[in-house]
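For reference, my_file-v1.txt is printed below; it contains compact mmCIF, C-alpha atoms.
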```txt
# COMPACT_ATOMS: atom_id res chain seq x y z
CA MET S 17 105.50 72.10 22.11
CA TYR S 18 102.07 73.67 21.67
CA LYS S 19 100.58 71.19 24.15
CA ALA S 20 103.23 72.03 26.74
CA ASN S 21 102.55 75.76 26.38
CA LEU S 22 98.83 75.16 26.73
CA ILE S 23 99.28 73.20 29.94
CA GLN S 24 101.54 75.93 31.34
CA SER S 25 98.93 78.57 30.43
CA GLU S 26 96.18 76.62 32.20
CA ASP S 27 98.34 76.26 35.35
CA CYS S 28 98.96 80.02 35.42
CA SER S 29 95.28 80.79 35.08
CA ASN S 30 94.49 78.49 37.98
CA MET S 31 96.97 80.39 40.18
CA ARG S 32 95.59 83.83 39.33
CA ARG S 33 93.74 85.72 42.08
CA ILE S 34 91.42 88.66 41.69
CA ILE S 35 92.44 91.34 44.24
CA ALA S 36 89.75 93.94 44.87
CA GLU S 37 90.49 97.64 44.81
CA ASP S 38 89.27 97.92 48.42
CA LEU S 39 92.46 98.36 50.43
CA ASP S 40 90.81 96.85 53.52
CA TRP S 41 89.91 93.66 51.68
CA SER S 42 91.85 90.56 52.73
CA LEU S 43 91.90 86.84 52.03
CA ALA S 44 91.10 86.10 55.66
CA THR S 45 87.86 84.35 56.48
CA VAL S 46 84.98 86.72 57.22
CA SER S 47 84.40 87.16 60.98
CA SER S 48 81.47 85.37 62.53
CA LEU S 49 78.25 87.26 63.00
CA SER S 50 78.64 87.16 66.78
CA ASN S 51 82.11 88.76 66.59
CA LEU S 52 80.82 91.41 64.21
CA SER S 53 78.02 92.13 66.67
CA LEU S 54 80.47 92.37 69.58
CA GLN S 55 82.71 94.70 67.60
CA CYS S 56 79.69 96.88 66.94
CA ILE S 57 79.09 97.01 70.71
CA VAL S 58 82.75 97.99 71.23
CA ASN S 59 82.52 100.79 68.67
CA ASN S 60 79.45 102.27 70.32
CA PHE S 61 80.12 101.30 73.92
CA GLU S 62 80.04 104.76 75.49
CA GLU S 63 76.72 105.67 73.84
CA ARG S 64 75.08 102.27 74.28
CA PRO S 65 76.89 100.17 76.91
CA ILE S 66 75.91 96.51 76.76
CA TYR S 67 77.90 94.39 79.23
CA GLU S 68 76.11 92.68 82.12
CA GLU S 69 73.96 90.48 79.88
CA LEU S 70 76.98 89.09 78.02
CA THR S 71 78.73 85.76 78.67
CA SER S 72 82.16 85.59 80.30
CA SER S 73 84.00 85.17 76.98
CA GLU S 74 82.03 88.00 75.42
CA LYS S 75 82.91 90.27 78.33
CA ASP S 76 86.59 89.45 77.80
CA PHE S 77 86.19 90.35 74.12
CA ILE S 78 84.77 93.76 75.10
CA GLN S 79 87.44 94.47 77.75
CA ASN S 80 90.22 93.59 75.32
CA ARG S 81 89.01 95.95 72.61
CA VAL S 82 87.07 98.81 74.13
CA SER S 83 88.75 102.25 74.03
CA LEU S 84 90.89 103.25 77.04
CA SER S 85 89.74 106.83 76.61
CA LEU S 86 86.35 106.11 78.17
CA PRO S 87 85.48 108.56 80.98
CA LEU S 88 86.77 107.20 84.27
CA HIS S 89 83.46 107.61 86.09
CA PHE S 90 81.84 105.55 83.31
CA ALA S 91 84.42 102.74 83.23
CA ALA S 92 84.60 102.46 87.04
CA ASN S 93 80.91 101.62 87.26
CA VAL S 94 80.84 99.26 84.27
CA PHE S 95 83.99 97.13 84.35
CA PRO S 96 84.94 94.92 87.31
CA ASP S 97 88.54 93.89 87.88
CA GLY S 98 90.00 92.41 84.71
CA VAL S 99 91.69 92.96 81.36
CA TYR S 100 90.42 96.51 80.86
CA TRP S 101 92.15 97.73 84.04
CA LYS S 102 95.30 95.80 83.16
CA ARG S 103 95.42 97.65 79.84
CA CYS S 104 94.88 100.98 81.66
CA CYS S 105 97.75 100.27 84.07
CA GLU S 106 100.19 99.16 81.38
CA GLN S 107 99.38 102.20 79.27
CA LYS S 108 99.95 104.61 82.18
CA TRP S 109 102.97 103.07 83.97
CA LYS S 110 106.04 101.20 82.77
CA VAL S 111 106.34 99.03 85.89
CA CYS S 112 103.15 97.22 86.91
CA ASP S 113 103.63 94.57 89.59
CA VAL S 114 100.10 93.50 90.36
CA SER S 115 101.29 91.14 93.12
CA ASN S 116 101.71 94.23 95.34
CA TYR S 117 98.02 94.93 94.98
CA GLY S 118 96.47 91.59 95.83
CA GLU S 119 96.53 90.57 92.14
CA SER S 120 93.90 93.23 91.41
CA TRP S 121 94.49 95.49 88.40
CA LYS S 122 91.56 97.74 89.27
CA ARG S 123 92.92 98.26 92.77
CA MET S 124 96.38 99.06 91.36
CA PHE S 125 94.96 101.62 88.96
CA PHE S 126 92.89 103.48 91.54
CA GLU S 127 95.50 103.39 94.32
CA ARG S 128 98.24 104.76 92.06
CA GLN S 129 95.87 107.29 90.52
CA LEU S 130 94.85 108.62 93.94
CA GLU S 131 98.47 108.67 95.12
CA ASN S 132 99.40 110.73 92.09
CA ILE S 133 96.62 113.25 92.74
CA ILE S 134 97.68 113.70 96.40
CA GLU S 135 101.38 113.98 95.54
CA LEU S 136 100.66 116.74 93.00
CA PHE S 137 98.11 118.54 95.20
CA VAL S 138 99.13 122.18 95.75
CA PRO S 139 97.29 123.79 98.70
CA GLY S 140 95.52 126.97 97.66
CA ILE S 141 95.66 126.06 93.97
CA THR S 142 94.39 122.51 93.51
CA GLU S 143 90.68 122.22 94.26
CA PRO S 144 89.80 119.66 96.99
CA LYS S 145 86.99 118.58 94.66
CA THR S 146 89.67 116.95 92.48
CA VAL S 147 90.41 114.53 95.31
CA LEU S 148 86.80 114.08 96.39
CA ASP S 149 85.63 113.24 92.86
CA MET S 150 88.25 110.50 92.63
CA VAL S 151 87.36 109.18 96.09
CA THR S 152 83.75 108.75 95.03
CA LEU S 153 84.91 106.36 92.29
CA CYS S 154 87.65 104.47 94.10
CA LYS S 155 86.84 104.37 97.83
CA ASP S 156 85.90 100.67 97.76
CA HIS S 157 89.15 99.66 96.07
CA ILE S 158 91.76 101.53 98.17
CA LYS S 159 93.57 99.35 100.72
CA LYS S 160 97.02 100.96 100.73
CA LEU S 161 98.36 104.44 100.01
CA ASN S 162 102.06 105.19 99.64
CA ILE S 163 102.49 108.96 99.43
CA ALA S 164 106.09 109.76 98.37
CA GLN S 165 105.80 113.58 98.51
CA LEU S 166 103.54 116.34 99.81
CA LEU S 167 103.79 119.75 98.18
CA PRO S 168 103.65 123.01 100.17
CA PRO S 169 101.72 126.07 98.94
CA VAL S 170 103.25 128.19 96.19
CA LYS S 171 104.92 131.29 97.59
CA GLU S 172 104.06 134.63 96.05
CA PRO S 173 107.07 136.77 94.98
CA GLN S 174 108.05 139.20 97.74
CA THR S 175 109.77 142.55 97.78
CA GLU S 176 112.99 142.98 99.76
CA ASP S 177 111.17 144.66 102.66
CA GLU S 178 108.56 141.87 102.76
CA GLU S 179 111.29 139.21 102.79
CA GLN S 180 113.00 140.86 105.78
CA ALA S 181 109.69 141.16 107.62
CA SER S 182 108.85 137.49 106.96
CA GLU S 183 112.27 136.39 108.20
CA LEU S 184 111.67 138.24 111.49
CA THR S 185 108.23 136.64 111.79
CA LEU S 186 109.58 133.11 111.20
CA ALA S 187 112.34 133.71 113.76
CA ASN S 188 109.64 134.33 116.39
CA ASP S 189 107.23 131.63 115.18
CA ASP S 190 108.29 127.99 115.06
CA ASP S 191 105.07 126.94 113.30
CA LYS S 192 105.47 127.77 109.61
CA SER S 193 101.72 127.95 109.03
CA GLY S 194 102.26 129.25 105.53
CA MET S 195 103.74 125.87 104.59
CA ASP S 196 100.76 123.70 105.51
CA HIS S 197 100.29 120.66 103.28
CA PHE S 198 97.40 118.49 102.09
CA ASP S 199 94.61 118.09 104.65
CA PHE S 200 94.00 114.36 105.13
CA ARG S 201 90.77 115.01 107.02
CA ILE S 202 88.90 115.35 103.71
CA LEU S 203 90.04 111.88 102.68
CA LEU S 204 90.74 109.21 105.28
CA ASP S 205 87.27 108.90 106.82
CA LYS S 206 85.88 108.13 103.35
CA LEU S 207 88.30 105.28 102.59
CA THR S 208 86.44 102.57 104.45
CA ASN S 209 88.80 99.77 103.34
CA LEU S 210 92.14 101.53 103.90
CA GLU S 211 94.57 99.32 105.84
CA GLU S 212 98.01 100.84 105.17
CA LEU S 213 99.14 104.46 105.01
CA HIS S 214 102.75 105.41 104.21
CA LEU S 215 103.57 109.12 104.39
CA VAL S 216 106.60 111.35 103.99
CA TYR S 217 106.54 115.14 104.22
CA LYS S 218 109.06 116.10 101.58
CA VAL S 219 109.35 117.44 98.04
CA LYS S 220 110.96 115.32 95.35
CA SER S 221 113.34 117.01 92.90
CA CYS S 222 113.08 120.47 94.47
CA GLY S 223 116.33 121.56 92.79
CA MET S 224 117.51 125.10 93.50
CA ASN S 225 114.28 125.90 95.36
CA PHE S 226 115.41 123.83 98.36
CA GLU S 227 114.21 124.91 101.80
CA TRP S 228 114.30 122.88 105.01
CA SER S 229 110.62 123.60 105.53
CA MET S 230 109.88 121.40 102.50
CA PHE S 231 111.01 118.38 104.50
CA GLU S 232 108.92 118.64 107.65
CA MET S 233 105.33 118.86 108.78
CA THR S 234 103.84 121.92 110.45
CA ASN S 235 101.87 121.90 113.70
CA TRP S 236 98.67 122.32 111.67
CA ASP S 237 99.69 119.38 109.45
CA CYS S 238 100.23 117.25 112.52
CA GLU S 239 96.92 118.09 114.16
CA SER S 240 94.88 117.60 110.98
CA LEU S 241 96.68 114.30 110.27
CA ALA S 242 96.11 113.08 113.84
CA LYS S 243 92.36 113.73 113.60
CA ALA S 244 92.24 112.07 110.18
CA LEU S 245 93.99 108.96 111.52
CA LYS S 246 91.52 108.69 114.37
CA SER S 247 88.63 108.77 111.89
CA CYS S 248 90.09 105.91 109.82
CA LYS S 249 88.92 102.94 111.88
CA THR S 250 90.24 100.26 109.48
CA LEU S 251 93.89 101.38 109.46
CA LYS S 252 96.29 98.59 110.46
CA LEU S 253 99.66 100.06 109.47
CA PHE S 254 100.80 103.68 109.71
CA ARG S 255 104.24 104.78 108.58
CA LEU S 256 105.49 108.37 108.87
CA HIS S 257 109.19 108.61 108.09
CA LEU S 258 111.75 111.20 106.99
CA SER S 259 109.44 114.01 108.12
CA HIS S 260 111.37 115.67 110.97
CA LEU S 261 108.81 114.40 113.50
CA GLU S 262 109.88 115.75 116.88
CA ASP S 263 108.58 115.27 120.42
CA LYS S 264 105.70 117.76 120.39
CA LYS S 265 104.23 116.42 117.17
CA CYS S 266 104.86 112.82 118.20
CA ARG S 267 102.90 113.33 121.42
CA LEU S 268 100.01 114.86 119.48
CA LEU S 269 99.84 111.96 117.01
CA VAL S 270 100.00 109.39 119.80
CA LYS S 271 97.21 111.17 121.69
CA TYR S 272 94.81 110.47 118.82
CA LEU S 273 96.08 106.90 118.33
CA LEU S 274 95.70 105.73 121.94
CA ASP S 275 92.32 104.09 121.46
CA HIS S 276 92.61 103.18 117.79
CA PRO S 277 90.71 99.90 117.30
CA SER S 278 92.76 98.28 114.51
CA LEU S 279 96.28 99.79 114.41
CA ARG S 280 98.88 96.99 114.63
CA THR S 281 102.04 98.46 113.06
CA LEU S 282 103.53 101.88 113.81
CA ASP S 283 106.65 103.11 111.97
CA PHE S 284 108.19 106.45 113.01
CA SER S 285 111.66 105.67 111.61
CA HIS S 286 114.11 108.34 110.40
CA ASN S 287 112.72 111.20 112.49
CA VAL S 288 113.95 113.24 115.49
CA ILE S 289 111.85 111.80 118.32
CA GLY S 290 113.49 112.25 121.72
CA ASP S 291 112.74 111.13 125.27
CA SER S 292 109.49 113.07 125.62
CA GLY S 293 108.08 111.49 122.47
CA ALA S 294 109.28 108.07 123.61
CA ARG S 295 107.36 108.45 126.86
CA ALA S 296 104.20 109.07 124.85
CA ILE S 297 104.92 105.97 122.78
CA GLY S 298 105.37 104.02 126.01
CA LYS S 299 101.87 105.09 127.03
CA LEU S 300 100.61 103.95 123.63
CA LEU S 301 102.07 100.48 124.25
CA THR S 302 100.00 100.14 127.42
CA LYS S 303 96.72 101.12 125.76
CA SER S 304 96.91 99.83 122.20
CA LYS S 305 97.30 96.43 120.53
CA LEU S 306 100.45 97.26 118.59
CA GLU S 307 102.38 94.27 117.29
CA ILE S 308 105.23 96.01 115.44
CA LEU S 309 106.95 99.24 116.57
CA ASN S 310 109.75 100.74 114.46
CA LEU S 311 111.65 103.72 115.93
CA TYR S 312 114.82 103.26 113.87
CA ASP S 313 117.05 106.34 113.58
CA ASN S 314 115.68 108.80 116.14
CA ASN S 315 117.09 110.65 119.17
CA ILE S 316 115.75 108.47 121.98
CA GLY S 317 118.05 108.33 124.99
CA GLY S 318 118.11 106.48 128.31
CA PRO S 319 115.05 108.13 129.93
CA GLY S 320 112.92 107.53 126.83
CA ALA S 321 114.05 103.91 126.63
CA LYS S 322 113.13 103.45 130.30
CA ALA S 323 109.59 104.62 129.57
CA ILE S 324 109.31 102.14 126.68
CA ALA S 325 110.79 99.41 128.87
CA HIS S 326 108.25 100.06 131.62
CA ALA S 327 105.43 99.65 129.11
CA LEU S 328 107.12 96.61 127.57
CA SER S 329 107.16 94.80 130.92
CA LYS S 330 103.34 94.92 130.95
CA ASN S 331 102.65 94.59 127.23
CA THR S 332 101.19 91.36 125.84
CA THR S 333 100.86 92.10 122.11
CA LEU S 334 104.15 93.54 120.76
CA VAL S 335 106.23 91.04 118.79
CA SER S 336 108.84 93.32 117.15
CA LEU S 337 110.71 96.36 118.54
CA ASN S 338 113.31 98.25 116.48
CA LEU S 339 115.35 100.85 118.39
CA CYS S 340 118.46 100.79 116.18
CA LEU S 341 120.42 104.00 115.64
CA ASN S 342 119.20 105.85 118.72
CA ARG S 343 121.09 106.99 121.85
CA LEU S 344 119.99 104.49 124.46
CA LYS S 345 123.43 103.90 125.97
CA ASP S 346 123.59 101.33 128.79
CA GLU S 347 120.91 103.14 130.80
CA GLY S 348 118.32 102.41 128.13
CA GLY S 349 119.75 99.10 126.95
CA GLN S 350 119.72 97.59 130.43
CA ALA S 351 116.17 98.82 131.05
CA ILE S 352 114.89 97.15 127.88
CA CYS S 353 116.61 93.85 128.69
CA LYS S 354 115.30 93.80 132.26
CA ALA S 355 111.77 94.50 131.00
CA LEU S 356 111.92 91.32 128.92
CA LEU S 357 112.16 89.26 132.11
CA ASN S 358 108.40 89.91 132.44
CA ASN S 359 107.53 89.97 128.75
CA LYS S 360 106.62 86.70 127.02
CA THR S 361 105.46 87.95 123.60
CA LEU S 362 108.35 89.93 122.05
CA LEU S 363 110.08 87.90 119.32
CA HIS S 364 112.41 90.42 117.65
CA LEU S 365 114.59 93.01 119.41
CA GLN S 366 116.94 95.39 117.59
CA LEU S 367 119.37 97.54 119.60
CA GLY S 368 122.08 98.11 116.99
CA ALA S 369 124.16 101.34 116.97
CA ASN S 370 123.01 102.62 120.37
CA GLY S 371 126.30 103.04 122.21
CA VAL S 372 125.61 100.11 124.54
CA THR S 373 128.49 98.16 126.08
CA TRP S 374 129.12 94.93 127.94
CA LEU S 375 126.95 96.22 130.81
CA THR S 376 123.87 95.87 128.60
CA VAL S 377 125.01 92.41 127.50
CA LEU S 378 125.19 91.30 131.13
CA SER S 379 121.53 92.27 131.56
CA LEU S 380 120.72 90.59 128.24
CA SER S 381 122.45 87.41 129.35
CA SER S 382 120.43 87.27 132.57
CA MET S 383 117.26 87.76 130.58
CA LEU S 384 118.12 85.04 128.01
CA ALA S 385 118.56 82.53 130.81
CA GLN S 386 114.87 82.95 131.68
CA ASN S 387 113.25 84.13 128.45
CA ASN S 388 112.52 81.41 125.91
CA THR S 389 110.38 83.59 123.64
CA LEU S 390 112.87 85.93 121.98
CA LYS S 391 113.94 84.69 118.51
CA SER S 392 116.17 87.41 117.08
CA ILE S 393 118.55 89.99 118.56
CA ASN S 394 120.50 92.77 116.84
CA LEU S 395 123.44 94.18 118.82
CA SER S 396 125.54 95.26 115.84
CA CYS S 397 127.67 98.43 115.82
CA ASN S 398 128.03 98.56 119.62
CA THR S 399 131.23 98.25 121.62
CA LEU S 400 130.68 94.98 123.52
CA GLY S 401 134.31 93.88 123.75
CA GLU S 402 135.72 90.76 125.33
CA VAL S 403 133.57 90.90 128.47
CA GLY S 404 130.42 91.27 126.42
CA GLY S 405 131.46 88.40 124.16
CA ASN S 406 132.05 86.10 127.15
CA ALA S 407 128.69 86.99 128.68
CA LEU S 408 126.82 86.48 125.42
CA GLU S 409 128.52 83.13 124.78
CA GLU S 410 127.60 81.94 128.26
CA ALA S 411 123.98 83.04 127.81
CA MET S 412 123.64 81.38 124.41
CA SER S 413 124.96 78.10 125.77
CA HIS S 414 121.77 77.83 127.84
CA ASN S 415 119.30 79.36 125.35
CA THR S 416 117.38 77.40 122.71
CA SER S 417 115.00 80.03 121.33
CA VAL S 418 117.31 82.61 119.68
CA THR S 419 117.77 81.72 115.99
CA GLU S 420 119.20 85.06 114.80
CA CYS S 421 121.89 87.10 116.52
CA ASN S 422 123.60 90.01 114.74
CA ILE S 423 126.89 90.93 116.45
CA HIS S 424 128.75 92.51 113.53
CA LEU S 425 131.17 95.32 114.41
CA THR S 426 130.97 94.80 118.18
CA ASP S 427 134.70 94.32 119.00
CA ILE S 428 134.07 90.69 119.96
CA GLU S 429 136.99 88.53 118.88
CA GLU S 430 136.37 86.46 115.76
CA GLN S 431 136.79 83.09 117.42
CA ARG S 432 134.09 83.87 119.99
CA VAL S 433 131.82 85.26 117.24
CA SER S 434 132.15 81.91 115.45
CA VAL S 435 131.23 80.01 118.60
CA ILE S 436 128.15 82.18 119.21
CA ASN S 437 127.07 81.86 115.57
CA GLN S 438 127.40 78.09 115.79
CA MET S 439 125.09 78.06 118.82
CA VAL S 440 122.56 80.14 116.92
CA TRP S 441 122.74 77.76 113.94
CA ASN S 442 122.20 74.81 116.28
CA ASN S 443 119.03 76.49 117.55
CA GLN S 444 117.90 76.98 113.95
CA PHE S 445 118.53 73.32 113.17
CA ARG S 446 116.62 72.13 116.24
CA LYS S 447 113.71 74.39 115.36
CA GLN S 448 113.56 73.03 111.81
CA GLU S 449 113.71 69.46 113.04
CA THR S 450 110.79 70.04 115.40
CA ASN S 451 108.82 71.92 112.74
CA PRO S 452 109.46 70.35 109.30
CA ARG S 453 106.67 72.38 107.66
CA GLU S 454 108.52 75.61 108.52
CA LYS S 455 111.72 74.08 107.14
CA ASN S 456 110.00 73.32 103.83
CA THR S 457 108.65 76.88 103.68
CA GLU S 458 112.12 78.35 104.20
CA ASN S 459 113.57 76.11 101.49
CA ALA S 460 110.83 77.22 99.08
CA ASN S 461 111.63 80.85 99.77
```

Rewrite the structure from the file as structure tokens, please.
Amino acid sequence: MYKANLIQSEDCSNMRRIIAEDLDWSLATVSSLSNLSLQCIVNNFEERPIYEELTSSEKDFIQNRVSLSLPLHFAANVFPDGVYWKRCCEQKWKVCDVSNYGESWKRMFFERQLENIIELFVPGITEPKTVLDMVTLCKDHIKKLNIAQLLPPVKEPQTEDEEQASELTLANDDDKSGMDHFDFRILLDKLTNLEELHLVYKVKSCGMNFEWSMFEMTNWDCESLAKALKSCKTLKLFRLHLSHLEDKKCRLLVKYLLDHPSLRTLDFSHNVIGDSGARAIGKLLTKSKLEILNLYDNNIGGPGAKAIAHALSKNTTLVSLNLCLNRLKDEGGQAICKALLNNKTLLHLQLGANGVTWLTVLSLSSMLAQNNTLKSINLSCNTLGEVGGNALEEAMSHNTSVTECNIHLTDIEEQRVSVINQMVWNNQFRKQETNPREKNTENAN
């Protein structure tokens, strides 16, 4: 019995551990001297930055542990793209899709940071230096800006007499100069790598302070933006939508874009451009190298479409033209189709919801008999009827290039729609058979 108790006592003593009073003490193995040294660098990084002389793994150690509260001007010059900027992005924003930024976390951080500064810029209150200081740090990393709002100046409270006087002044002055927005001239010429600019002149979540002037650009805005665009020689895509862009402002913007060396995509969708603005855009097509033109949802009628058609007949660079939701009618629709008899580069044509009828389809059918370049056509939401359906079916029976044809809601009887769709599918099949690599790509997508 005594022997058994003695053995049990010895086993218990072997299992005993001495736990120090130091609450930070643990049973874990002591870190290596190199890790302790690196941690010391992390703890004192702002005062004594040591980075360039480190190995790749040591740099990763630093980026994973260094404080995110480092001054931005300091971090921008020390850390290249990597883990540090990923941590900054994930701390600041819930959704971080780096694939939209060329897989660059540093580019994402600076683009979104600059966008935020511009969107919260209040003319007359925010100092332009706020923008310029950021530009100094990020100008080499900005390739795309997507500005979702532009704030107007803050209005001072007015007395009743002042309000009446201002109403009379605005009634006689279409240019609401007191509502001028951010001046892009201080910015765009400094962004030497900027390729895409998306703008909208509106205020998000304006609530009970709603005014129509919050959702349009002034004449001064337009002129300053036009000059800024001209100074940005690297810009490839410009999108200005939902900004009440009318003819006068459209002509001014186009004037400064006529000789732009790199612009390839122009998007003026969801505005109020009419025939006069369309004529200016037609002139742009003859002098620029535009490849994509989007004029979806404007007020372009027959005369404006004729001007675009005239330019289209001579153009050799445009591959996509979107004129959906305008007012072309048959006058404009026929002009566009006839222009394509001489155009051998346009691949995508969208004429949906334009009030065109079978008369336009007849012109389209004549064009399809000779044009083997066009790949997709959108005629949806037009009244084409039985005559239009017959003409389109006849044209498609001789065409082998069109692989997409949208004829939803066109009053063409269902049986004929099925026949036309089958012809389009046959063209798709023939195209895939002649180009198996493209077929594999489509299957992967």

What lies within 7 Å of Gly293 in chain S using all atoms listed in the file, ignoring chain neighbours under 2 positions off, as a PDB file with C-alpha atoms, in the frame of the given file?
```pdb
ATOM      1  CA  ASP S 263     108.580 115.270 120.420  1.00  0.00           C
ATOM      2  CA  CYS S 266     104.860 112.820 118.200  1.00  0.00           C
ATOM      3  CA  ARG S 267     102.900 113.330 121.420  1.00  0.00           C
ATOM      4  CA  ILE S 289     111.850 111.800 118.320  1.00  0.00           C
ATOM      5  CA  GLY S 290     113.490 112.250 121.720  1.00  0.00           C
ATOM      6  CA  ASP S 291     112.740 111.130 125.270  1.00  0.00           C
ATOM      7  CA  ARG S 295     107.360 108.450 126.860  1.00  0.00           C
ATOM      8  CA  ALA S 296     104.200 109.070 124.850  1.00  0.00           C
ATOM      9  CA  ILE S 297     104.920 105.970 122.780  1.00  0.00           C
TER      10      ILE S 297
END
```

Next on the checklist: Would you compute the distance between CA of Thr152 in chain S and CA of Leu136 in chain S? Give it in Å to one decimal.
Outcome noted: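 The value is 18.8 Å.
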
Item to check | Atomic distance CA of Lys155 in chain S - CA of Lys252 in chain S, expressed in Å with one decimal | outcome: 16.8 Å

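Put simply, CA of Leu337 in chain S is 18.8 Å away from CA of Leu258 in chain S.
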
Checklist entry - Closest to Met383 in chain S among S:Asn359, S:Ser304, S:Ser229, S:Gln438, using only C-alpha atoms? => result S:Asn359

Checklist outcome for this item: Of S:Arg103, S:Arg64, S:Arg446, S:His276, the one sitting nearest Ser83 in chain S when using all atoms listed in the file is S:Arg103

Checklist outcome for this item: Of S:Phe126, S:Leu400, S:Val114, S:Trp441, the one sitting nearest His89 in chain S when using only C-alpha atoms is S:Phe126

Item to check | Distance query Lys303 in chain S at most 8 Å, all atoms listed in the file, self and fewer than 4 positions along chain excluded, as a list in words | outcome: Leu274, Asp275 and Lys299 of chain S

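Candidate residues S:His157, S:Glu143, S:Glu106, S:His414 were compared for distance to Gly118 in chain S, and the nearest is S:His157, using only C-alpha atoms.
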
Checklist entry - Neighbours of range 225-227 of chain S within 12 Å (all atoms listed in the file; same-chain residues fewer than 3 positions away dropped), as a PyMOL selection string? => result chain S and resi 168+170-171+195+218-222+230-232

Checklist entry - What's the 12 Å shell around Glu212 in chain S, counting all atoms listed in the file, without same-chain residues fewer than 5 positions away, as an NGL selection string? => result :S and (117 or 127 or 158-163 or 204 or 207 or 245 or 248-256 or 278-283)

Take the selection from the previous step and output its residues with C-alpha atoms, as an mmCIF file, in the coordinates of the input.
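Printed below is result_21.cif as written:
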```
data_model
loop_
_atom_site.group_PDB
_atom_site.id
_atom_site.type_symbol
_atom_site.label_atom_id
_atom_site.label_comp_id
_atom_site.auth_asym_id
_atom_site.auth_seq_id
_atom_site.Cartn_x
_atom_site.Cartn_y
_atom_site.Cartn_z
ATOM 1 C CA TYR S 117 98.020 94.930 94.980
ATOM 2 C CA GLU S 127 95.500 103.390 94.320
ATOM 3 C CA ILE S 158 91.760 101.530 98.170
ATOM 4 C CA LYS S 159 93.570 99.350 100.720
ATOM 5 C CA LYS S 160 97.020 100.960 100.730
ATOM 6 C CA LEU S 161 98.360 104.440 100.010
ATOM 7 C CA ASN S 162 102.060 105.190 99.640
ATOM 8 C CA ILE S 163 102.490 108.960 99.430
ATOM 9 C CA LEU S 204 90.740 109.210 105.280
ATOM 10 C CA LEU S 207 88.300 105.280 102.590
ATOM 11 C CA LEU S 245 93.990 108.960 111.520
ATOM 12 C CA CYS S 248 90.090 105.910 109.820
ATOM 13 C CA LYS S 249 88.920 102.940 111.880
ATOM 14 C CA THR S 250 90.240 100.260 109.480
ATOM 15 C CA LEU S 251 93.890 101.380 109.460
ATOM 16 C CA LYS S 252 96.290 98.590 110.460
ATOM 17 C CA LEU S 253 99.660 100.060 109.470
ATOM 18 C CA PHE S 254 100.800 103.680 109.710
ATOM 19 C CA ARG S 255 104.240 104.780 108.580
ATOM 20 C CA LEU S 256 105.490 108.370 108.870
ATOM 21 C CA SER S 278 92.760 98.280 114.510
ATOM 22 C CA LEU S 279 96.280 99.790 114.410
ATOM 23 C CA ARG S 280 98.880 96.990 114.630
ATOM 24 C CA THR S 281 102.040 98.460 113.060
ATOM 25 C CA LEU S 282 103.530 101.880 113.810
ATOM 26 C CA ASP S 283 106.650 103.110 111.970
#
```

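Using all atoms listed in the file for every distance, the candidate list S:Ser47, S:Ser396, S:Asn338, S:Gln129 yields S:Gln129 as the residue closest to Cys105 in chain S.
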
Item to check | Exercise: residues within 12 Å of coordinate (124.9, 90.8, 132.3), counting all atoms listed in the file, as a PyMOL selection string | outcome: chain S and resi 346+349-351+353-354+373-385+400+403-411

Item to check | Residue neighbourhood Gln366 in chain S, 12 Å, only C-alpha atoms, exclusion window fewer than 5 positions, as a ChimeraX atom specification | outcome: /S:308-313,335-342,344,349,352-353,390-398,420-423

Checklist entry - Which residue out of S:Arg81, S:Arg123, S:His260, S:His286 has the minimum interatomic distance to Phe61 in chain S when only C-alpha atoms are used? => result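 Selected residue with least distance to Phe61 in chain S: S:Arg81.
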